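Undergrad: So that you have it, the file is target.cif, and it contains mmCIF, C-alpha atoms:
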```cif
data_model
#
loop_
_atom_site.label_atom_id
_atom_site.label_comp_id
_atom_site.auth_asym_id
_atom_site.auth_seq_id
_atom_site.Cartn_x
_atom_site.Cartn_y
_atom_site.Cartn_z
CA GLY J 1 -56.19 -23.01 56.01
CA ALA J 2 -54.20 -20.11 54.71
CA VAL J 3 -51.21 -19.07 56.76
CA VAL J 4 -50.83 -15.84 54.80
CA SER J 5 -54.07 -13.97 54.33
CA GLN J 6 -54.50 -11.30 51.70
CA HIS J 7 -57.41 -8.90 51.51
CA PRO J 8 -59.29 -7.96 49.44
CA SER J 9 -59.29 -10.74 46.85
CA TRP J 10 -60.97 -8.54 44.26
CA VAL J 11 -61.23 -4.77 44.10
CA ILE J 12 -62.49 -2.35 41.50
CA CYS J 13 -61.68 1.30 41.89
CA LYS J 14 -62.06 4.45 39.89
CA SER J 15 -59.10 6.00 38.16
CA GLY J 16 -57.39 8.52 40.41
CA THR J 17 -58.40 6.92 43.69
CA SER J 18 -56.23 4.92 46.06
CA VAL J 19 -56.67 1.33 47.15
CA LYS J 20 -55.08 -0.57 50.03
CA ILE J 21 -54.24 -4.27 50.03
CA GLU J 22 -53.44 -6.08 53.26
CA CYS J 23 -51.16 -9.05 53.80
CA ARG J 24 -51.26 -10.84 57.15
CA SER J 25 -49.24 -13.75 58.46
CA LEU J 26 -51.62 -15.79 60.58
CA ASP J 27 -49.52 -18.34 62.42
CA PHE J 28 -46.07 -16.80 62.43
CA GLN J 29 -44.28 -13.50 62.66
CA ALA J 30 -42.74 -12.09 59.53
CA THR J 31 -40.13 -9.37 59.79
CA THR J 32 -39.96 -9.38 56.02
CA MET J 33 -42.72 -9.71 53.48
CA PHE J 34 -42.58 -9.45 49.72
CA TRP J 35 -44.96 -7.87 47.23
CA TYR J 36 -45.23 -9.15 43.68
CA ARG J 37 -47.22 -8.08 40.65
CA GLN J 38 -48.31 -10.34 37.85
CA PHE J 39 -49.69 -9.17 34.53
CA PRO J 40 -51.69 -11.62 32.39
CA LYS J 41 -49.60 -14.48 31.03
CA GLN J 42 -46.47 -13.03 32.58
CA SER J 43 -44.38 -14.05 35.52
CA LEU J 44 -44.55 -12.71 39.03
CA MET J 45 -42.33 -9.67 39.31
CA LEU J 46 -40.97 -8.62 42.67
CA MET J 47 -42.04 -5.07 43.42
CA ALA J 48 -40.63 -4.49 46.86
CA THR J 49 -39.43 -6.02 50.08
CA SER J 50 -41.41 -4.90 53.10
CA ASN J 51 -39.39 -4.61 56.31
CA GLU J 52 -41.07 -4.40 59.70
CA GLY J 53 -40.30 -1.11 61.38
CA SER J 54 -38.33 0.37 58.51
CA LYS J 55 -38.70 1.55 54.95
CA ALA J 56 -39.47 -0.87 52.18
CA THR J 57 -36.88 -1.71 49.57
CA TYR J 58 -38.20 -1.19 46.06
CA GLU J 59 -37.07 -2.94 42.91
CA GLN J 60 -35.76 -0.89 40.05
CA GLY J 61 -38.53 0.72 38.07
CA VAL J 62 -41.14 0.54 40.83
CA GLU J 63 -42.33 3.96 41.97
CA LYS J 64 -42.16 4.12 45.74
CA ASP J 65 -44.45 7.15 45.89
CA LYS J 66 -47.10 5.34 43.91
CA PHE J 67 -46.90 1.99 45.67
CA LEU J 68 -46.77 2.79 49.36
CA ILE J 69 -45.78 -0.06 51.63
CA ASN J 70 -46.24 -0.05 55.37
CA HIS J 71 -45.08 -2.91 57.60
CA ALA J 72 -46.44 -1.70 60.90
CA SER J 73 -46.32 -4.97 62.80
CA LEU J 74 -44.75 -8.40 62.63
CA THR J 75 -47.89 -9.83 61.08
CA LEU J 76 -49.15 -7.12 58.76
CA SER J 77 -47.88 -5.41 55.65
CA THR J 78 -50.02 -3.15 53.47
CA LEU J 79 -49.63 -2.05 49.88
CA THR J 80 -51.42 1.12 48.86
CA VAL J 81 -51.72 1.92 45.18
CA THR J 82 -52.09 5.67 45.07
CA SER J 83 -53.80 7.59 42.28
CA ALA J 84 -54.50 4.34 40.50
CA HIS J 85 -54.75 4.23 36.72
CA PRO J 86 -55.97 1.50 34.38
CA GLU J 87 -52.40 0.39 33.69
CA ASP J 88 -52.09 -0.49 37.39
CA SER J 89 -54.74 -3.17 36.91
CA SER J 90 -52.99 -6.40 37.79
CA PHE J 91 -52.75 -9.34 40.17
CA TYR J 92 -50.88 -8.40 43.34
CA ILE J 93 -49.61 -11.09 45.67
CA CYS J 94 -47.59 -11.09 48.87
CA SER J 95 -45.36 -13.67 50.49
CA ALA J 96 -43.52 -14.28 53.74
CA TRP J 97 -40.95 -16.80 54.94
CA ALA J 98 -42.30 -18.79 57.87
CA THR J 99 -39.00 -20.63 58.33
CA ALA J 100 -35.66 -20.54 56.57
CA THR J 101 -37.01 -22.91 53.95
CA THR J 102 -40.77 -22.45 53.97
CA ILE J 103 -42.41 -19.59 52.15
CA TYR J 104 -46.12 -18.91 52.01
CA PHE J 105 -47.97 -16.82 49.51
CA GLY J 106 -51.20 -14.97 49.99
CA GLU J 107 -54.07 -15.82 47.70
CA GLY J 108 -53.56 -12.64 45.74
CA SER J 109 -55.59 -9.56 44.99
CA TRP J 110 -57.07 -8.69 41.63
CA LEU J 111 -57.11 -4.96 41.08
CA THR J 112 -59.15 -3.45 38.28
CA VAL J 113 -58.97 0.29 37.75
CA VAL J 114 -61.78 1.72 35.64
CA LYS S 1 -28.83 -10.40 36.17
CA GLN S 2 -30.84 -13.18 37.71
CA GLU S 3 -33.26 -14.48 35.11
CA VAL S 4 -35.41 -17.56 35.17
CA THR S 5 -36.84 -19.02 31.98
CA GLN S 6 -39.44 -21.73 31.52
CA ILE S 7 -40.03 -23.79 28.44
CA PRO S 8 -42.54 -24.50 27.01
CA ALA S 9 -44.91 -21.64 27.73
CA ALA S 10 -47.87 -23.92 27.21
CA LEU S 11 -48.33 -27.66 26.99
CA SER S 12 -51.35 -29.82 26.24
CA VAL S 13 -51.27 -33.58 26.79
CA PRO S 14 -53.79 -36.41 26.96
CA GLU S 15 -54.58 -37.88 30.34
CA GLY S 16 -52.14 -40.54 31.52
CA GLU S 17 -49.06 -39.16 29.79
CA ASN S 18 -45.81 -38.51 31.57
CA LEU S 19 -44.42 -35.04 30.99
CA VAL S 20 -41.45 -32.82 31.76
CA LEU S 21 -41.44 -29.10 32.41
CA ASN S 22 -38.19 -27.21 32.05
CA CYS S 23 -36.71 -24.32 33.99
CA SER S 24 -33.37 -22.60 33.45
CA PHE S 25 -31.66 -19.91 35.47
CA THR S 26 -28.77 -17.63 34.62
CA ASP S 27 -27.23 -17.21 38.07
CA SER S 28 -26.22 -20.51 39.64
CA ALA S 29 -25.73 -18.91 43.06
CA ILE S 30 -29.19 -19.89 44.17
CA TYR S 31 -30.02 -21.00 47.68
CA ASN S 32 -32.78 -23.25 46.45
CA LEU S 33 -35.19 -23.76 43.60
CA GLN S 34 -38.89 -24.19 44.10
CA TRP S 35 -41.74 -25.34 41.92
CA PHE S 36 -45.21 -23.89 42.42
CA ARG S 37 -48.63 -24.50 41.04
CA GLN S 38 -50.97 -21.63 40.27
CA ASP S 39 -54.61 -22.14 39.43
CA PRO S 40 -56.43 -19.40 37.49
CA GLY S 41 -57.10 -16.37 39.68
CA LYS S 42 -55.51 -18.03 42.68
CA GLY S 43 -52.33 -17.73 44.68
CA LEU S 44 -49.40 -20.10 44.65
CA THR S 45 -49.13 -23.59 46.06
CA SER S 46 -45.65 -24.90 46.76
CA LEU S 47 -45.02 -28.30 45.19
CA LEU S 48 -41.37 -29.11 45.70
CA LEU S 49 -38.32 -27.32 47.03
CA ILE S 50 -34.78 -28.40 46.18
CA GLN S 51 -31.93 -27.05 48.21
CA SER S 52 -28.80 -26.03 46.32
CA SER S 53 -26.97 -29.04 47.75
CA GLN S 54 -29.62 -31.49 46.55
CA ARG S 55 -30.14 -33.08 43.16
CA GLU S 56 -33.82 -33.97 43.30
CA GLN S 57 -36.98 -34.12 45.35
CA THR S 58 -40.02 -36.34 44.97
CA SER S 59 -43.59 -36.00 46.11
CA GLY S 60 -46.13 -38.50 44.87
CA ARG S 61 -46.29 -38.30 41.08
CA LEU S 62 -43.97 -35.31 41.00
CA ASN S 63 -40.19 -35.38 40.74
CA ALA S 64 -38.05 -32.27 40.50
CA SER S 65 -34.37 -32.25 39.64
CA LEU S 66 -31.72 -29.58 39.97
CA ASP S 67 -28.45 -29.19 38.10
CA LYS S 68 -26.74 -26.03 39.30
CA SER S 69 -23.77 -26.40 37.01
CA SER S 70 -25.94 -26.23 33.92
CA GLY S 71 -28.47 -23.87 35.45
CA ARG S 72 -31.40 -26.18 34.90
CA SER S 73 -34.27 -27.76 36.76
CA THR S 74 -36.99 -30.08 35.55
CA LEU S 75 -40.37 -31.03 36.95
CA TYR S 76 -41.51 -34.51 35.96
CA ILE S 77 -45.18 -35.35 36.29
CA ALA S 78 -46.08 -39.01 35.99
CA ALA S 79 -49.44 -40.33 34.82
CA SER S 80 -50.93 -36.88 34.32
CA GLN S 81 -54.54 -36.21 35.32
CA PRO S 82 -57.01 -33.48 34.32
CA GLY S 83 -56.69 -32.11 37.84
CA ASP S 84 -53.05 -31.36 37.11
CA SER S 85 -54.14 -28.64 34.69
CA ALA S 86 -52.68 -25.39 36.00
CA THR S 87 -49.76 -23.04 35.50
CA TYR S 88 -46.49 -24.31 36.92
CA LEU S 89 -43.93 -21.79 38.05
CA CYS S 90 -40.33 -22.33 39.01
CA ALA S 91 -38.50 -19.84 41.19
CA GLY S 92 -34.91 -19.49 42.30
CA ARG S 93 -34.20 -18.08 45.71
CA TYR S 94 -31.42 -15.50 45.82
CA ASN S 95 -30.71 -14.10 49.26
CA ASN S 96 -34.14 -13.33 50.63
CA ASP S 97 -36.22 -12.88 47.49
CA MET S 98 -37.25 -15.16 44.70
CA ARG S 99 -37.05 -14.83 40.92
CA PHE S 100 -39.84 -16.46 39.01
CA GLY S 101 -40.10 -17.88 35.54
CA ALA S 102 -43.08 -16.93 33.41
CA GLY S 103 -44.63 -20.34 33.95
CA THR S 104 -45.79 -23.25 31.85
CA ARG S 105 -49.54 -23.49 31.33
CA LEU S 106 -50.41 -27.19 31.41
CA THR S 107 -53.66 -28.64 30.11
CA VAL S 108 -54.36 -32.32 30.63
CA LYS S 109 -57.22 -33.49 28.43
CA PRO S 110 -59.50 -36.28 29.67
#
```
Starting from the file, give its structure as structure tokens.
TA:
Amino acid sequence: GAVVSQHPSWVICKSGTSVKIECRSLDFQATTMFWYRQFPKQSLMLMATSNEGSKATYEQGVEKDKFLINHASLTLSTLTVTSAHPEDSSFYICSAWATATTIYFGEGSWLTVV
Amino acid sequence: KQEVTQIPAALSVPEGENLVLNCSFTDSAIYNLQWFRQDPGKGLTSLLLIQSSQREQTSGRLNASLDKSSGRSTLYIAASQPGDSATYLCAGRYNNDMRFGAGTRLTVKP
């Protein structure tokens, strides 16, 4: 079974609304989680590093006020896409290191903004 | 800048062929390099991880090599099967995050 659970798998929202995606580590604690975005036929691009109990670290070019990240516990990080627009439609995926050498990815979330 | 490149972008082979996927990285200061498989609309499945001190790793029909000095890694798939059809991603780990290539989309025809 999955050791990193991501929810929802698919979401459709109206332009201008906000949508929240959850990433949970099921069998381990993760002080750090990562959020990636993948556009069709492109690579995964790191958006931000989510740190438990502190502010997320965003990659250059990623709007922190648009992509709100909250890492409220050692097993949960959330990504909220605020005021979503069609260009935000993408595949969002999270990951967490279970050990120094083992990383697990969530199953991803497809966001479609109409 | 830490960039990871994969060639070819797409590959189609008949069943039973051996094949090689290529990955190159610009910054050799990686902690490790990992190969993943991604099925359409799905997350990532880790295939092989090579530590920076290692030269290769093998798992079943898969063999991955790493040459830090030249900034290259290869994934060798022996006796390919239709079930191997997927996108294969390589990723270099730098500090705590990972940099991904754009992937090679493999199709194995029966």
Undergrad: Just need the residues of chain J within 6 Å of chain S, counting only C-alpha atoms, so spit them out as a list of chain:residue names.
TA: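 Residues passing the distance filter: J:Gln42, J:Ser43, J:Glu107, J:Gly108.
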Undergrad: Using C-alpha atoms, can you write the selected residues to a file as a tab-separated table (two decimals), keeping the file's coordinate frame?
TA:
```
chain	number	residue	atom	x	y	z
J	42	GLN	CA	-46.47	-13.03	32.58
J	43	SER	CA	-44.38	-14.05	35.52
J	107	GLU	CA	-54.07	-15.82	47.70
J	108	GLY	CA	-53.56	-12.64	45.74
```
Undergrad: So which residues touch Gly60 (chain S) within 12 Å, counting all atoms listed in the file, skipping near sequence neighbours fewer than 6 positions away, as a list in words?
TA: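 The neighbour list is Leu47, Leu48, Tyr76, Ile77, Ala78, Ala79 and Ser80 of chain S.
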Undergrad: Please list as number ranges by chain every residue within 10 Å of region 52-60 of chain J, counting only C-alpha atoms and excluding residues in the same chain fewer than 6 positions away.
TA: J: 30-35, 45-46, 67-77
Undergrad: Find the residues around region 19-25 of chain J up to 6 Å (only C-alpha atoms counted), leave out those fewer than 5 positions away in its own chain, and share them as a PyMOL selection string.
TA: chain J and resi 3-7+75-81
Undergrad: If I take CA of Ile93 (chain J) and CA of Arg37 (chain J), how far is one from the other in Å, to one decimal?
TA: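 About the pair CA of Ile93 (chain J) and CA of Arg37 (chain J): they are 6.3 Å apart.
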Undergrad: Taking the file as shown, find all residues satisfying the PyMOL selection byres ((chain S and resi 64) around 7) and write them as a list of chain:residue names.
TA: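 Applied to this file, the PyMOL selection byres ((chain S and resi 64) around 7) returns S:Leu48, S:Glu56, S:Gln57, S:Thr58, S:Leu62, S:Asn63, S:Ser65, S:Leu66, S:Ser73, S:Thr74, S:Leu75, S:Tyr76.
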Undergrad: What box, with edges along x, y and z, holds each listed atom of region 7-14 of chain S when 4 Å is added on every side, and can you state its centre and edge lengths in Å to one decimal, as JSON?
TA:
```
{"center_x": -46.9, "center_y": -29.0, "center_z": 27.3, "size_x": 21.8, "size_y": 22.8, "size_z": 10.2}
```
Undergrad: If I take CA of Ile103 (chain J) and CA of Ser53 (chain S), how far is one from the other in Å, to one decimal?
TA: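 Separating CA of Ile103 (chain J) from CA of Ser53 (chain S) is a distance of 18.6 Å.
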Undergrad: Report, in Å with one decimal, the straight-line distance from CA of Arg55 (chain S) to CA of Thr99 (chain J).
TA: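 These two atoms are separated by 21.5 Å.
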Undergrad: So, with only C-alpha atoms as the atoms that count, which of S:Val108, S:Asp84, S:Leu33, S:Asp67 lies closest to Thr102 (chain J)?
TA: S:Leu33
